[in-house]
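Structure file final_5.csv with CSV, C-alpha atoms:
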```csv
chain,number,residue,atom,x,y,z
A,1,MET,CA,-38.0,34.2,-23.7
A,2,VAL,CA,-35.1,32.6,-21.9
A,3,SER,CA,-35.5,28.8,-21.8
A,4,ARG,CA,-35.9,26.9,-18.6
A,5,PHE,CA,-32.8,25.0,-19.5
A,6,LEU,CA,-30.7,28.2,-19.6
A,7,ILE,CA,-32.2,29.4,-16.3
A,8,LEU,CA,-31.2,26.1,-14.7
A,9,LEU,CA,-27.7,26.3,-16.1
A,10,SER,CA,-27.3,29.8,-14.6
A,11,MET,CA,-28.5,28.5,-11.3
A,12,LEU,CA,-26.0,25.6,-11.5
A,13,ILE,CA,-23.1,27.8,-12.4
A,14,ALA,CA,-23.9,30.1,-9.4
A,15,MET,CA,-23.7,27.2,-6.9
A,16,PRO,CA,-21.2,28.0,-4.1
A,17,ALA,CA,-19.4,24.7,-4.7
A,18,LEU,CA,-18.0,26.1,-7.9
A,19,ALA,CA,-15.5,28.1,-5.9
A,20,ASP,CA,-13.4,25.0,-5.2
A,21,ALA,CA,-13.4,23.7,-8.8
A,22,PRO,CA,-10.1,22.0,-9.5
A,23,THR,CA,-9.6,23.9,-12.8
A,24,ARG,CA,-11.5,27.1,-12.0
A,25,ALA,CA,-8.9,29.3,-13.7
A,26,THR,CA,-9.5,27.7,-17.0
A,27,LEU,CA,-13.2,26.8,-16.9
A,28,GLY,CA,-15.4,28.3,-19.6
A,29,ILE,CA,-19.2,28.6,-19.1
A,30,ASN,CA,-19.9,25.2,-20.5
A,31,ALA,CA,-17.3,23.4,-18.4
A,32,ALA,CA,-18.3,25.5,-15.4
A,33,ALA,CA,-21.9,24.2,-15.8
A,34,GLY,CA,-20.5,20.7,-16.1
A,35,TRP,CA,-18.5,21.1,-12.9
A,36,ALA,CA,-21.7,22.1,-11.1
A,37,LEU,CA,-23.6,19.1,-12.6
A,38,PHE,CA,-20.6,16.9,-11.6
A,39,LYS,CA,-21.0,17.9,-8.0
A,40,ARG,CA,-24.8,18.0,-7.7
A,41,PRO,CA,-26.7,15.3,-5.8
A,42,TRP,CA,-29.4,13.7,-8.0
A,43,ILE,CA,-32.9,13.1,-6.6
A,44,SER,CA,-35.5,10.6,-7.3
A,45,ALA,CA,-38.4,10.8,-9.8
A,46,PRO,CA,-40.9,12.4,-10.0
A,47,SER,CA,-39.2,15.8,-9.7
A,48,SER,CA,-40.5,19.3,-10.2
A,49,LEU,CA,-37.1,20.3,-11.6
A,50,ARG,CA,-36.8,19.4,-15.2
A,51,GLY,CA,-33.8,17.2,-15.8
A,52,GLY,CA,-33.2,16.9,-12.0
A,53,GLY,CA,-34.7,13.6,-11.1
A,54,GLY,CA,-34.4,9.9,-11.9
A,55,LEU,CA,-32.1,8.6,-9.1
A,56,GLY,CA,-32.5,4.9,-8.5
A,57,PRO,CA,-34.6,3.2,-7.3
A,58,LEU,CA,-31.4,1.2,-6.9
A,59,TYR,CA,-28.0,3.0,-7.0
A,60,ASP,CA,-24.4,3.2,-5.8
A,61,ALA,CA,-23.9,7.0,-5.5
A,62,ARG,CA,-25.8,10.2,-5.6
A,63,SER,CA,-23.2,12.4,-7.5
A,64,CYS,CA,-20.2,12.0,-9.7
A,65,GLU,CA,-18.2,14.0,-7.0
A,66,SER,CA,-19.0,11.4,-4.3
A,67,CYS,CA,-16.9,8.8,-6.1
A,68,HIS,CA,-14.4,11.1,-8.0
A,69,LEU,CA,-13.7,13.7,-5.3
A,70,GLY,CA,-12.4,16.7,-7.2
A,71,GLY,CA,-12.1,14.6,-10.3
A,72,GLY,CA,-9.7,12.1,-8.5
A,73,ALA,CA,-9.8,8.4,-7.8
A,74,GLY,CA,-12.1,6.6,-5.5
A,75,ARG,CA,-11.0,5.7,-2.0
A,76,VAL,CA,-10.3,2.0,-1.4
A,77,GLY,CA,-12.5,0.9,1.6
A,78,GLU,CA,-11.2,-1.0,4.6
A,79,GLY,CA,-14.2,-3.2,5.0
A,80,ALA,CA,-17.3,-1.8,3.4
A,81,ILE,CA,-18.1,-0.9,-0.2
A,82,GLY,CA,-18.0,2.8,0.0
A,83,ASN,CA,-18.1,5.7,-2.4
A,84,GLY,CA,-15.7,5.2,-5.2
A,85,MET,CA,-15.9,1.4,-5.4
A,86,VAL,CA,-18.5,-0.8,-7.1
A,87,VAL,CA,-19.0,-4.5,-7.5
A,88,ARG,CA,-19.1,-5.9,-11.0
A,89,VAL,CA,-21.0,-9.2,-11.8
A,90,GLY,CA,-21.0,-11.3,-14.9
A,91,ALA,CA,-19.8,-14.4,-16.6
A,92,ALA,CA,-16.8,-15.5,-18.7
A,93,ASP,CA,-18.9,-15.3,-21.8
A,94,GLY,CA,-19.8,-11.6,-21.2
A,95,ALA,CA,-23.3,-12.1,-20.0
A,96,GLY,CA,-24.6,-10.4,-16.9
A,97,ASP,CA,-26.3,-12.1,-14.0
A,98,PRO,CA,-30.0,-12.8,-14.9
A,99,VAL,CA,-31.2,-11.1,-11.7
A,100,TYR,CA,-28.4,-8.7,-10.7
A,101,GLY,CA,-27.3,-7.5,-14.2
A,102,ARG,CA,-23.7,-6.3,-14.4
A,103,GLN,CA,-23.3,-4.2,-11.2
A,104,ILE,CA,-24.4,-4.6,-7.6
A,105,GLN,CA,-26.3,-1.5,-6.4
A,106,VAL,CA,-25.8,-1.3,-2.6
A,107,LEU,CA,-28.1,1.6,-2.0
A,108,ALA,CA,-31.8,2.1,-2.5
A,109,LEU,CA,-34.6,4.7,-2.3
A,110,PRO,CA,-37.0,4.4,0.7
A,111,GLY,CA,-39.4,1.6,0.2
A,112,PHE,CA,-36.9,-0.5,-1.9
A,113,ASP,CA,-34.3,-3.1,-0.9
A,114,PRO,CA,-30.7,-2.6,-2.2
A,115,GLU,CA,-29.4,-5.6,-4.2
A,116,ALA,CA,-27.0,-6.8,-1.5
A,117,ASP,CA,-25.0,-5.9,1.5
A,118,VAL,CA,-21.3,-6.4,0.6
A,119,THR,CA,-18.2,-6.2,2.7
A,120,LEU,CA,-14.5,-6.5,1.8
A,121,GLN,CA,-12.2,-9.1,3.2
A,122,TRP,CA,-8.5,-8.3,2.7
A,123,GLY,CA,-6.1,-11.3,2.7
A,124,ALA,CA,-2.7,-12.3,1.5
A,125,LEU,CA,-1.2,-14.5,-1.2
A,126,HIS,CA,2.6,-14.9,-1.3
A,127,ASP,CA,2.9,-11.6,0.7
A,128,LEU,CA,0.7,-9.8,-1.8
A,129,ARG,CA,-2.6,-8.3,-0.7
A,130,THR,CA,-5.8,-10.0,-2.0
A,131,VAL,CA,-9.5,-9.0,-1.7
A,132,THR,CA,-12.6,-11.2,-1.5
A,133,LEU,CA,-16.2,-10.0,-1.4
A,134,ASP,CA,-18.5,-11.2,1.3
A,135,PHE,CA,-22.2,-10.9,0.4
A,136,LYS,CA,-23.9,-10.7,3.8
A,137,GLN,CA,-27.4,-10.6,2.3
A,138,MET,CA,-28.7,-11.1,-1.2
A,139,HIS,CA,-32.1,-9.3,-1.3
A,140,TYR,CA,-33.2,-10.7,-4.7
A,141,GLY,CA,-32.0,-14.3,-4.5
A,142,ALA,CA,-28.8,-16.1,-5.3
A,143,PHE,CA,-26.4,-15.5,-8.2
A,144,ALA,CA,-26.6,-17.7,-11.2
A,145,ALA,CA,-24.1,-20.6,-11.2
A,146,GLN,CA,-22.0,-19.0,-14.0
A,147,THR,CA,-21.8,-15.6,-12.3
A,148,HIS,CA,-18.5,-14.2,-11.0
A,149,THR,CA,-18.0,-11.0,-8.9
A,150,GLY,CA,-15.2,-8.5,-8.9
A,151,LEU,CA,-14.3,-5.2,-7.3
A,152,ARG,CA,-13.8,-2.0,-9.3
A,153,ARG,CA,-12.3,1.2,-8.1
A,154,ALA,CA,-13.3,4.6,-9.6
A,155,PRO,CA,-10.2,5.8,-11.5
A,156,ALA,CA,-8.9,9.3,-11.5
A,157,LEU,CA,-10.3,11.5,-14.3
A,158,PHE,CA,-7.4,14.0,-14.6
A,159,GLY,CA,-6.2,14.1,-18.2
A,160,ILE,CA,-9.1,12.1,-19.6
A,161,GLY,CA,-9.5,14.6,-22.4
A,162,GLU,CA,-6.0,14.0,-23.5
A,163,LEU,CA,-6.7,10.3,-23.8
A,164,GLU,CA,-9.7,11.1,-26.0
A,165,SER,CA,-7.5,13.2,-28.3
A,166,ILE,CA,-5.3,10.3,-29.3
A,167,PRO,CA,-6.1,9.3,-32.9
A,168,GLU,CA,-7.4,5.8,-33.5
A,169,SER,CA,-4.5,5.3,-36.0
A,170,GLU,CA,-2.0,5.9,-33.2
A,171,ILE,CA,-3.5,3.2,-31.0
A,172,LEU,CA,-3.7,0.7,-33.9
A,173,ASP,CA,-0.1,1.4,-34.8
A,174,LEU,CA,1.0,0.7,-31.2
A,175,ALA,CA,-0.9,-2.7,-31.4
A,176,LYS,CA,0.9,-3.5,-34.6
A,177,HIS,CA,4.4,-2.8,-33.3
A,178,ASN,CA,4.2,-3.4,-29.5
A,179,GLY,CA,1.5,-6.0,-29.0
A,180,GLY,CA,-1.8,-5.8,-27.3
A,181,ARG,CA,-5.0,-5.6,-29.1
A,182,PRO,CA,-7.7,-3.0,-29.7
A,183,SER,CA,-11.0,-3.2,-28.0
A,184,TRP,CA,-13.6,-3.2,-30.7
A,185,LEU,CA,-17.2,-2.3,-29.7
A,186,THR,CA,-20.4,-2.3,-31.7
A,187,ASP,CA,-22.8,0.6,-31.1
A,188,GLY,CA,-26.6,0.6,-31.4
A,189,ASN,CA,-26.3,1.4,-35.1
A,190,GLY,CA,-24.1,-1.6,-35.8
A,191,GLN,CA,-21.0,0.6,-36.2
A,192,ARG,CA,-17.6,-0.7,-35.0
A,193,ARG,CA,-15.9,1.7,-32.6
A,194,LEU,CA,-12.6,1.6,-30.7
A,195,GLY,CA,-13.0,1.3,-26.9
A,196,ARG,CA,-10.5,3.3,-24.9
A,197,PHE,CA,-12.2,4.2,-21.5
A,198,GLY,CA,-12.8,2.1,-18.5
A,199,TRP,CA,-10.7,-0.7,-16.9
A,200,LYS,CA,-11.7,-3.0,-19.8
A,201,ALA,CA,-11.8,-0.3,-22.6
A,202,THR,CA,-15.6,-0.8,-22.7
A,203,GLU,CA,-16.5,2.8,-23.8
A,204,ALA,CA,-15.4,4.6,-27.0
A,205,GLN,CA,-15.9,8.2,-25.9
A,206,ILE,CA,-16.1,10.3,-22.7
A,207,SER,CA,-19.9,10.8,-23.4
A,208,ASP,CA,-20.3,7.0,-23.5
A,209,GLN,CA,-18.5,6.6,-20.2
A,210,VAL,CA,-20.7,9.3,-18.6
A,211,GLU,CA,-23.9,7.7,-19.8
A,212,ALA,CA,-22.8,4.2,-18.6
A,213,ALA,CA,-22.0,5.7,-15.1
A,214,PHE,CA,-25.4,7.4,-14.9
A,215,GLN,CA,-27.1,4.1,-15.6
A,216,GLY,CA,-25.0,1.8,-13.4
A,217,ASP,CA,-24.1,4.1,-10.6
A,218,PHE,CA,-27.2,6.3,-10.3
A,219,GLY,CA,-30.0,4.4,-12.1
A,220,ILE,CA,-30.5,7.4,-14.4
A,221,SER,CA,-31.5,6.9,-18.0
A,222,SER,CA,-30.0,8.7,-21.0
A,223,ALA,CA,-30.0,8.6,-24.8
A,224,GLY,CA,-27.5,5.8,-24.8
A,225,HIS,CA,-29.1,3.9,-22.0
A,226,PRO,CA,-32.8,4.5,-22.1
A,227,GLY,CA,-35.3,3.0,-19.6
A,228,ALA,CA,-36.5,4.5,-16.3
A,229,TYR,CA,-35.3,1.6,-14.2
A,230,GLY,CA,-31.6,2.0,-14.6
A,231,GLU,CA,-29.8,-1.4,-14.6
A,232,CYS,CA,-32.6,-3.3,-12.9
A,233,THR,CA,-33.5,-6.6,-14.5
A,234,GLU,CA,-37.0,-8.0,-15.1
A,235,ALA,CA,-36.6,-10.1,-12.0
A,236,GLU,CA,-36.5,-6.9,-9.9
A,237,HIS,CA,-40.2,-6.1,-10.4
A,238,ALA,CA,-40.5,-3.2,-7.9
A,239,CYS,CA,-37.6,-1.3,-9.4
A,240,ARG,CA,-38.8,-1.9,-13.0
A,241,THR,CA,-42.3,-0.5,-12.2
A,242,ALA,CA,-41.2,2.6,-10.1
A,243,PRO,CA,-41.9,6.1,-11.4
A,244,GLY,CA,-39.4,7.4,-13.9
A,245,GLU,CA,-38.8,8.6,-17.5
A,246,ASN,CA,-37.2,6.9,-20.5
A,247,MET,CA,-34.5,9.5,-20.7
A,248,GLU,CA,-33.8,11.3,-17.5
A,249,LEU,CA,-30.4,12.8,-18.2
A,250,PRO,CA,-30.8,15.5,-20.9
A,251,ASP,CA,-28.2,15.4,-23.7
A,252,ALA,CA,-27.2,19.0,-22.8
A,253,PHE,CA,-26.4,18.0,-19.2
A,254,ARG,CA,-24.3,15.1,-20.4
A,255,ASP,CA,-22.5,17.3,-22.8
A,256,ARG,CA,-21.7,19.9,-20.1
A,257,ILE,CA,-20.2,17.2,-17.9
A,258,VAL,CA,-18.1,16.0,-20.8
A,259,ASP,CA,-17.0,19.6,-21.4
A,260,PHE,CA,-15.8,19.7,-17.8
A,261,LEU,CA,-14.0,16.4,-17.9
A,262,ARG,CA,-12.2,17.4,-21.1
A,263,VAL,CA,-10.6,20.4,-19.3
A,264,LEU,CA,-9.5,18.5,-16.2
A,265,GLN,CA,-5.8,19.1,-16.3
A,266,GLN,CA,-3.4,16.2,-16.6
A,267,PRO,CA,-1.0,15.7,-13.7
A,268,ASP,CA,2.5,17.1,-14.0
A,269,SER,CA,4.8,15.3,-16.4
A,270,ARG,CA,7.6,13.1,-15.2
A,271,ASP,CA,11.3,13.6,-15.7
A,272,GLU,CA,12.1,11.5,-18.7
A,273,THR,CA,15.8,12.4,-18.4
A,274,SER,CA,16.0,10.5,-15.1
A,275,ALA,CA,17.7,7.2,-14.5
A,276,GLY,CA,14.3,5.8,-13.5
A,277,PHE,CA,12.9,6.5,-16.9
A,278,ALA,CA,15.8,4.6,-18.4
A,279,VAL,CA,15.0,1.6,-16.2
A,280,PHE,CA,11.3,1.9,-17.2
A,281,HIS,CA,12.4,1.4,-20.8
A,282,LYS,CA,15.0,-1.2,-20.0
A,283,ILE,CA,12.6,-3.7,-18.5
A,284,GLY,CA,10.0,-3.2,-21.2
A,285,CYS,CA,7.3,-1.2,-19.3
A,286,ALA,CA,7.2,1.4,-22.1
A,287,ASP,CA,6.1,-1.2,-24.6
A,288,CYS,CA,2.5,-1.1,-23.1
A,289,HIS,CA,2.7,2.0,-21.0
A,290,ALA,CA,3.4,4.1,-24.0
A,291,THR,CA,3.2,7.8,-24.8
A,292,PRO,CA,1.3,8.2,-28.1
A,293,THR,CA,0.7,11.5,-29.9
A,294,GLY,CA,-2.5,13.4,-29.6
A,295,LYS,CA,-4.3,15.2,-32.4
A,296,THR,CA,-2.5,18.4,-31.7
A,297,GLY,CA,0.9,16.7,-32.2
A,298,LYS,CA,1.6,16.7,-28.5
A,299,ARG,CA,2.8,13.5,-26.8
A,300,VAL,CA,0.3,12.3,-24.2
A,301,ALA,CA,2.5,11.3,-21.3
A,302,ALA,CA,-0.2,9.1,-19.6
A,303,TYR,CA,1.9,6.0,-20.2
A,304,THR,CA,-0.8,3.9,-21.8
A,305,ASP,CA,-1.4,2.4,-25.2
A,306,LEU,CA,-5.2,2.1,-24.5
A,307,LEU,CA,-5.0,-1.5,-25.7
A,308,LEU,CA,-6.1,-4.7,-24.1
A,309,HIS,CA,-3.4,-7.0,-22.7
A,310,ASP,CA,-3.8,-10.5,-21.1
A,311,LEU,CA,-2.3,-10.1,-17.7
A,312,GLY,CA,-2.7,-13.7,-16.6
A,313,SER,CA,-5.0,-15.8,-14.4
A,314,ASP,CA,-4.0,-14.0,-11.1
A,315,LEU,CA,-5.7,-10.8,-12.3
A,316,SER,CA,-8.7,-12.5,-13.8
A,317,ASP,CA,-12.0,-12.3,-11.9
A,318,GLY,CA,-13.9,-14.4,-14.4
A,319,ILE,CA,-15.9,-11.5,-15.9
A,320,ALA,CA,-15.7,-10.6,-19.6
A,321,GLU,CA,-16.7,-7.1,-20.4
A,322,GLY,CA,-17.2,-5.5,-23.8
A,323,ASP,CA,-14.5,-7.0,-26.1
A,324,ALA,CA,-12.2,-7.9,-23.1
A,325,LYS,CA,-11.8,-11.4,-21.9
A,326,PRO,CA,-11.7,-12.0,-18.1
A,327,SER,CA,-7.9,-11.8,-17.9
A,328,GLU,CA,-7.6,-8.9,-20.3
A,329,TRP,CA,-7.3,-5.3,-19.1
A,330,ARG,CA,-6.7,-2.0,-20.8
A,331,THR,CA,-3.3,-0.6,-20.0
A,332,ALA,CA,-3.8,1.7,-17.0
A,333,PRO,CA,-2.5,5.2,-17.3
A,334,LEU,CA,0.3,5.8,-14.8
A,335,TRP,CA,0.1,9.6,-14.2
A,336,ASN,CA,-2.2,9.4,-11.1
A,337,ILE,CA,-0.2,6.8,-9.1
A,338,PRO,CA,0.6,9.1,-6.1
A,339,GLU,CA,-3.0,10.0,-5.6
A,340,GLU,CA,-4.3,6.4,-6.0
A,341,LEU,CA,-1.7,5.2,-3.4
A,342,GLU,CA,-2.8,7.9,-1.0
A,343,LYS,CA,-6.4,6.7,-1.4
A,344,GLY,CA,-5.6,3.1,-0.7
A,345,GLY,CA,-3.9,1.2,-3.5
A,346,LEU,CA,-3.2,0.5,-7.2
A,347,LEU,CA,-4.8,-1.8,-9.9
A,348,HIS,CA,-8.5,-2.1,-10.7
A,349,ASP,CA,-9.5,-3.1,-7.2
A,350,GLY,CA,-6.9,-1.2,-5.1
A,351,ARG,CA,-5.2,-4.5,-4.0
A,352,ALA,CA,-1.6,-3.3,-4.6
A,353,ARG,CA,-0.2,-1.3,-1.7
A,354,ASP,CA,2.8,0.0,-3.7
A,355,VAL,CA,4.4,-0.1,-7.1
A,356,ASP,CA,6.3,-3.3,-6.3
A,357,GLU,CA,3.1,-5.2,-5.5
A,358,ALA,CA,1.4,-3.9,-8.6
A,359,VAL,CA,4.3,-5.2,-10.7
A,360,GLN,CA,4.1,-8.6,-9.0
A,361,TRP,CA,0.5,-9.0,-10.0
A,362,HIS,CA,1.5,-8.6,-13.7
A,363,GLY,CA,1.5,-12.0,-15.4
A,364,GLY,CA,0.6,-13.1,-18.9
A,365,GLU,CA,2.0,-10.7,-21.5
A,366,ALA,CA,3.7,-8.7,-18.7
A,367,SER,CA,5.5,-11.7,-17.2
A,368,ARG,CA,8.8,-10.8,-19.0
A,369,SER,CA,8.8,-7.3,-17.6
A,370,ARG,CA,8.0,-8.6,-14.1
A,371,THR,CA,10.9,-11.0,-14.3
A,372,ALA,CA,13.2,-8.2,-15.4
A,373,PHE,CA,11.9,-6.0,-12.6
A,374,ASN,CA,12.7,-8.7,-10.0
A,375,ALA,CA,16.2,-8.9,-11.3
A,376,LEU,CA,16.9,-5.2,-10.8
A,377,SER,CA,19.2,-4.0,-8.1
A,378,SER,CA,17.7,-2.2,-5.1
A,379,ASN,CA,19.0,1.1,-6.4
A,380,ASP,CA,17.3,0.6,-9.8
A,381,ARG,CA,14.1,-0.3,-8.2
A,382,ARG,CA,14.2,2.8,-6.1
A,383,ARG,CA,15.0,4.9,-9.3
A,384,LEU,CA,12.1,3.3,-11.1
A,385,GLY,CA,9.8,4.0,-8.1
A,386,ASP,CA,10.9,7.6,-8.0
A,387,PHE,CA,10.1,8.1,-11.7
A,388,LEU,CA,6.6,6.6,-11.4
A,389,LEU,CA,5.8,8.6,-8.3
A,390,GLY,CA,7.0,11.8,-9.9
A,391,ARG,CA,9.8,12.4,-7.5
```

Could you render the structure from this file as structure tokens?
Amino acid sequence: MVSRFLILLSMLIAMPALADAPTRATLGINAAAGWALFKRPWISAPSSLRGGGGLGPLYDARSCESCHLGGGAGRVGEGAIGNGMVVRVGAADGAGDPVYGRQIQVLALPGFDPEADVTLQWGALHDLRTVTLDFKQMHYGAFAAQTHTGLRRAPALFGIGELESIPESEILDLAKHNGGRPSWLTDGNGQRRLGRFGWKATEAQISDQVEAAFQGDFGISSAGHPGAYGECTEAEHACRTAPGENMELPDAFRDRIVDFLRVLQQPDSRDETSAGFAVFHKIGCADCHATPTGKTGKRVAAYTDLLLHDLGSDLSDGIAEGDAKPSEWRTAPLWNIPEELEKGGLLHDGRARDVDEAVQWHGGEASRSRTAFNALSSNDRRRLGDFLLGR
């Protein structure tokens, strides 16, 4: 007898939305099922469809696709917190807020209050764009005194499988020779693992990133994040006592989404024979925005060492995550810059309106490169910009 799971997979694969899959020519059956799951809207529990419920009660999105349209980056909002952006909360010692946890959920199922109504206020500091968060209404009380808040933009997922293919030894070798430090995480079994995904390198594998997103963004439990209430704290009683299951995302569903993410094609490579690439090396960008070698022996031209670097107080939002201090960030890959600019900006919160602004925000360990960038001629700045934009 064919299992209910196989029947469900066949239904998902047959969904009309699959016709516009970004990598449809290369999708196998597992990745195709993952693409359908990536696009599907999740519903609340209880659900008659096995493995189809669990949304909320508090959440930020209903589907992966709503934040990562086609696998791409989230759109930076003009005033409201929209799909593709979330609000992180936490303290300098790594603790979450005792009431609001580690992420503000701005949506809720009928009968529940979302955690807060949040709007963005864009300002300026020395001709650079800044963003502050305005909490119009806090539905569960005030933040703790030590709590800080920060905006996070959903990154593009293209090429994420290539990042997973980089051996740990390569990353550690880059730390030894070029600086930066690895993000060491401890899993539920007490095993030390190397973080490489997320703005702060807080997840070790793509599957970990998927499970974390289902908990924080959807309020859906999984093997790695059990509990029917998502990220709700004990202070949010109605959410903690709502219907749900201890593990709402089946492992097989998670694995199919991972299969899809691993085949998302990386963007076109840049011209490393160009004058702009020479400038990139000259001012020291390539020390952190490196091109390590994957398991197949192929260079991964994402221009990241996947290490943590202290970028100074101007980029600190006071929140420590995983092994990363408030001012430390994982080196961001550079291969999705054109799309991220088209969707509103660069850096973790989209504040930088162009490459120049992004560089100006680089302090701390990157101060020397910023100084070298500012000393470039206008022609060399243009050449560097052309290289980074793939022109």

Just checking: using only C-alpha atoms, which residue out of A:Leu341, A:Leu311, A:Leu306, A:Ala278 ends up closest to A:Asp380?
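Smallest distance to A:Asp380 is found for A:Ala278.
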
For A:Gly72, which of A:Asp349, A:Glu342, A:Glu357, A:Asp134 is the closest residue, counting all atoms listed in the file?
A:Glu342

Excluding stretch 221-235 of chain A and residues on its chain fewer than 4 positions from it, collect all residues at most 7 Å away from it, counting all atoms listed in the file, and give them as an NGL selection string.
:A and (56 or 99-101 or 211 or 214-216 or 239-240 or 244-250)

Can you work out which one of A:Ala36, A:Ala238, A:Leu69, A:Ala124 has the shortest atom-to-atom distance to A:Phe112, counting all atoms listed in the file?
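Of the candidates, the smallest distance to A:Phe112 is held by A:Ala238.
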
With distances taken over only C-alpha atoms, which of A:His68, A:Arg270, A:His139, A:Arg391 is nearest to A:Glu236?
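Selected residue with least distance to A:Glu236: A:His139.
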
Which of A:Arg88, A:Arg196, A:Lys325, A:Arg262 sits closest to A:Thr149 [using only C-alpha atoms]
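The answer is A:Arg88, which sits nearest to A:Thr149.
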
Suppose you want the space between atom CA of A:Asp255 and atom CA of A:Val210; what is it in Å?
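Atom-to-atom, atom CA of A:Asp255 and atom CA of A:Val210 are spaced 9.2 Å apart.
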